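Let me begin by presenting the structure, written as structure tokens, before commenting on it.
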Amino acid sequence: MGQITLSNVKKSFGNIDVLHGINLDINDGELVVFVGPSGCGKSTLLRAIAGLEKITSGEIAIDGKPVNDVTAADRGLAMVFQSYALYPHMSVRQNLAFGLENSKMPKAEIDERITEAARMLEIEPYLARRPGQLSGGQRQRVAIGRAIVRRPVAFLLDEPLSNLDAELRVSTRAELAALHARLSSTMIYVTHDQVEAMTLADRIVVLRAGKIEQVGTPLELYNTPANRFVAGFIGAPHMNFLEGTVSSVQSGNLVVALADGYQLAIPARETSLEQGARITLGIRPQHVTFGSGDKSIKAKIKLVEALGSETVLHTEVAGQKFLVVIPGQHDLASGMDIDLSLSSAPIHLFDKDGHRI
Amino acid sequence: MTAPLETASKPSAVQHLGAIALAPVRLVMGLIDRPLRALQRMTGLSGMAIFFLAPNMLIFGIFVLLPLFINFVYSTTGGSALFLPERSYVGADQYQRLFDCSNYLDPLTCQEDAFWTAVSNTFWFVVLQVTLMIGAALVTALILNRNLAARSFWRAVFFFPVLLSPVVVGLIWRWILQRQGLLNFILYPFGVDPYTWLTDRTWSFAAAVGVSLWAHMGFYALILLAGLQAIPKDLYEAADMDGTKPARVFWRITLPLLMPNLVVVIVLALIRSVQVFDEVYILTGGGPGTSTLFITQYIYETGFVSQPRNPGLAAAASILMGLVLVVLTLVQLGLGRRGEKKGKR
């Protein structure tokens, strides 16, 4: 119970197409995170699954049954809103009971479910309080509790941590992961924060402008991003991109000329590239080390951020911005020239359209 | 060489106008600067606050507090003379006269039967008008809050009567309801004989209630609409996800969250309907007979119209009406404060 299938789901608001044909299978018990920049359609997609937005075309099926014409209430899903959407004039207990009372559930069972959820979320002491008397984190738990008591087929969470402060967000994130493990029910989680996506997701769905860019496990997305957008979105700080042209292609090897004419030899799986083709090299800031030699580039330091455990260098390579994260503390200053070695760095190649090569 | 320099130093038209406008301000500021500084040195900062508030307090005192006091003094005097020095002191006689009744529920047993008729009429007017007003304003606000086509147009339509002068409202409806009026003209083709709506006791009272409802409903609907729009949309979505039936959504979510606005509307409507006068006076003149005579009209007629006029009795009646309004206002303040406390929690 809890399998959700989206087939060619489209949604338009008037003339504006928000979702351009989404195809996705969400397995039972899976925690799927929709991630993407603001306006990419992730919340609209979640609301379409919830039944709060009617889709323009396509099909949404829950456990094999199409639900396009099924009301939000009858889809058996529960939603946790970004604003929590708790009823301010009701106590926490009444908030939790409200949805259950709608279905004329016996009072004894309502009480039992509330007690169980309250214990799980550690909100028992606050059951008599109103939402206005709770902290942000406590309200958040109540909102999750309201979803839990309904024992839904799947949980839909719309940026549930975005109203919490940074410290609370980290701890609540861990609790959410634990909760998912305990309930082992399907969860769809929307966020614009890629760290949340990486830490929570079984699978991540990266959305941009109403289209799915890539679906995969966090590490798949990190290690083999399908395109330049995903490569830049997943990972912090984001991946460096160096523009260059293919200057020669030999069997298994690619020589790329960077903007300043600097030549870099890269082992390439595929050599369908022709000489003179424009390509982009993607290198994660953490994969760069100090050192000269075979696969090295010259960089000029623009700014040094010493974080203690690591040092972040804002540098310029061949006239392009290049971030470097080096473990430990280093005696460096802006204006210095350094040699950076790429010998241990996986180098991602993207063609002129941004697709992975 | 000199020409470009001249154009550079010549101020633009806007600057010129600005300078002209600023000149008197500068002059006044220059004149009052020294005395004000001297005053502040004498009185201190809090004293200056009193100084700046004084003009308003003075006007409030002259046009509100002083008349209130004079009114009270009038209520303790007798005779028909208008000037206070010519009037004789009678103590609480006027009040005694107003309350001289063998059965308060039957105005005809009272010495001032017109007063008690007006009280009874006003009471029923308030009960009917406020109840219908709240209902109509709430329904209107709920409808206007929906995503209907030309929403702004409809909002304007319902608010428009509020902008009309009460006299205009009274005249419009008199033209509609009189014997050769618009209503009879419309009903005639349907076989309804022309009727004198405003000279029928029941119909004229209904007309008084209906017209004041029409004239003020938009104002209260607007307050309620503002309250409805302040309720977060996602509460309704959460209720939707929970499968809440529309009636339950209204009773359990909309109404409780609208309560602060509803209290304001109820109290304002109460106060204003107790004061009802102008549009009904133009519409029916208090008739037929005394069927639409309300307290304010009674006071006006007793004090200024009837022969011999009795300003003392009118003053006493207005003091009594003032007391009722004070009580209603205190209730509003109390409820408002309770609402505030609730909001803070």
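Scheme for the structure tokens: letters A, B, ... for chains in order shown; per-chain residue numbers from 1; ligand numbers from 1 in order shown.
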Do me a favour and pick out the residues of chain B within 7 Å of chain A, using only C-alpha atoms, as a compact mmCIF listing (two decimals) with N, CA and C atoms, in the first residue's frame.
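The resulting result34.txt:
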# COMPACT_ATOMS: atom_id res chain seq x y z
N ASP B 234 -4.43 27.81 3.60
CA ASP B 234 -4.03 26.41 3.77
C ASP B 234 -4.79 25.72 4.90
N LEU B 235 -5.44 26.50 5.79
CA LEU B 235 -6.30 25.86 6.79
C LEU B 235 -7.45 25.15 6.08
N ALA B 238 -6.06 22.07 4.44
CA ALA B 238 -5.87 21.01 5.43
C ALA B 238 -7.21 20.35 5.74
N ASP B 240 -9.72 20.26 3.79
CA ASP B 240 -10.08 19.53 2.57
C ASP B 240 -9.41 18.15 2.56
N MET B 241 -8.12 18.13 2.90
CA MET B 241 -7.39 16.86 2.96
C MET B 241 -8.02 15.93 4.00
N ASP B 242 -8.56 16.53 5.07
CA ASP B 242 -9.16 15.73 6.14
C ASP B 242 -10.58 15.29 5.79
N GLY B 243 -11.07 15.71 4.62
CA GLY B 243 -12.42 15.32 4.22
C GLY B 243 -13.50 15.99 5.04
N THR B 244 -13.28 17.28 5.38
CA THR B 244 -14.26 17.99 6.19
C THR B 244 -15.41 18.49 5.32
N ARG B 345 -2.27 34.77 23.09
CA ARG B 345 -1.98 33.41 23.49
C ARG B 345 -1.78 32.60 22.24
Filtered DSSP result for region 256-298 of chain B, state alpha helix (DSSP H), as a PyMOL selection string: chain B and resi 256-274+278-284+295-298
Length of the CA of Leu333 (chain B) to CA of Leu258 (chain B) vector [Å]: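 Answer for the CA of Leu333 (chain B) to CA of Leu258 (chain B) separation: 17.4 Å.
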Selected residue, from A:Leu200, A:Val206, A:Leu242, A:Ala108, that lies nearest to Glu175 (chain A) when counting only C-alpha atoms: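 Going through A:Leu200, A:Val206, A:Leu242, A:Ala108 one by one, the smallest distance to Glu175 (chain A) is for A:Leu200.
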Spatial neighbours of region 332-343 of chain A, 7 Å, only C-alpha atoms, chain gap at least 5 places, as JSON, numbers by chain: {"A": [288, 289, 290, 291, 292, 295, 296, 297, 298, 299, 300, 301, 302, 303, 304]}
Residues within 12 Å of Val168 (chain B), only C-alpha atoms, excluding chain neighbours under 2 positions, as a list of chain:residue names: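 The filter keeps B:Pro161, B:Val162, B:Leu163, B:Leu164, B:Ser165, B:Pro166, B:Gly170, B:Leu171, B:Ile172, B:Trp173, B:Arg174, B:Trp175, B:Val211, B:Ala215, B:Asp278, B:Glu279, B:Val280, B:Tyr281, B:Ile282, B:Leu283.
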Atoms to include: N, CA and C atoms. Write the selected residues as an mmCIF file, in the first residue's frame.
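Saved result, out.cif, follows:
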data_model
loop_
_atom_site.group_PDB
_atom_site.id
_atom_site.type_symbol
_atom_site.label_atom_id
_atom_site.label_comp_id
_atom_site.auth_asym_id
_atom_site.auth_seq_id
_atom_site.Cartn_x
_atom_site.Cartn_y
_atom_site.Cartn_z
ATOM 1 N N PRO B 161 -24.033 51.801 -1.521
ATOM 2 C CA PRO B 161 -25.022 52.508 -0.693
ATOM 3 C C PRO B 161 -24.401 53.171 0.530
ATOM 4 N N VAL B 162 -23.282 52.622 1.031
ATOM 5 C CA VAL B 162 -22.647 53.191 2.217
ATOM 6 C C VAL B 162 -22.169 54.611 1.928
ATOM 7 N N LEU B 163 -21.835 54.870 0.653
ATOM 8 C CA LEU B 163 -21.305 56.177 0.291
ATOM 9 C C LEU B 163 -22.409 57.228 0.153
ATOM 10 N N LEU B 164 -23.671 56.783 0.084
ATOM 11 C CA LEU B 164 -24.764 57.723 -0.115
ATOM 12 C C LEU B 164 -25.112 58.447 1.180
ATOM 13 N N SER B 165 -25.541 59.689 1.033
ATOM 14 C CA SER B 165 -26.009 60.436 2.196
ATOM 15 C C SER B 165 -27.341 59.816 2.640
ATOM 16 N N PRO B 166 -27.590 59.768 3.951
ATOM 17 C CA PRO B 166 -28.832 59.147 4.449
ATOM 18 C C PRO B 166 -30.077 59.780 3.840
ATOM 19 N N GLY B 170 -33.026 57.845 1.942
ATOM 20 C CA GLY B 170 -34.430 57.965 2.298
ATOM 21 C C GLY B 170 -35.277 58.364 1.104
ATOM 22 N N LEU B 171 -34.779 59.349 0.324
ATOM 23 C CA LEU B 171 -35.542 59.833 -0.832
ATOM 24 C C LEU B 171 -35.676 58.755 -1.902
ATOM 25 N N ILE B 172 -34.563 58.077 -2.195
ATOM 26 C CA ILE B 172 -34.590 57.034 -3.229
ATOM 27 C C ILE B 172 -35.684 56.013 -2.906
ATOM 28 N N TRP B 173 -35.677 55.565 -1.651
ATOM 29 C CA TRP B 173 -36.620 54.510 -1.286
ATOM 30 C C TRP B 173 -38.048 55.023 -1.164
ATOM 31 N N ARG B 174 -38.189 56.325 -0.850
ATOM 32 C CA ARG B 174 -39.546 56.866 -0.829
ATOM 33 C C ARG B 174 -40.112 56.859 -2.241
ATOM 34 N N TRP B 175 -39.246 57.214 -3.203
ATOM 35 C CA TRP B 175 -39.701 57.204 -4.595
ATOM 36 C C TRP B 175 -40.029 55.781 -5.065
ATOM 37 N N VAL B 211 -34.591 49.303 4.484
ATOM 38 C CA VAL B 211 -33.805 50.390 3.889
ATOM 39 C C VAL B 211 -32.512 50.612 4.670
ATOM 40 N N ALA B 215 -28.744 50.260 3.307
ATOM 41 C CA ALA B 215 -27.822 51.388 3.340
ATOM 42 C C ALA B 215 -26.501 51.051 4.042
ATOM 43 N N ASP B 278 -31.978 59.450 10.513
ATOM 44 C CA ASP B 278 -32.116 60.265 9.304
ATOM 45 C C ASP B 278 -32.824 59.586 8.133
ATOM 46 N N GLU B 279 -32.327 58.378 7.718
ATOM 47 C CA GLU B 279 -32.940 57.821 6.507
ATOM 48 C C GLU B 279 -34.395 57.416 6.733
ATOM 49 N N VAL B 280 -34.691 56.958 7.968
ATOM 50 C CA VAL B 280 -36.074 56.560 8.251
ATOM 51 C C VAL B 280 -36.967 57.795 8.380
ATOM 52 N N TYR B 281 -36.413 58.865 8.939
ATOM 53 C CA TYR B 281 -37.183 60.096 9.097
ATOM 54 C C TYR B 281 -37.591 60.640 7.728
ATOM 55 N N ILE B 282 -36.656 60.575 6.778
ATOM 56 C CA ILE B 282 -36.967 61.032 5.415
ATOM 57 C C ILE B 282 -37.970 60.070 4.775
ATOM 58 N N LEU B 283 -37.802 58.777 5.036
ATOM 59 C CA LEU B 283 -38.625 57.754 4.385
ATOM 60 C C LEU B 283 -40.074 57.798 4.871
#
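The residue that comes closest to Thr5 (chain A), out of A:Lys65, A:Arg119, A:His238, A:Arg208 and on the basis of only C-alpha atoms, is A:Lys65.
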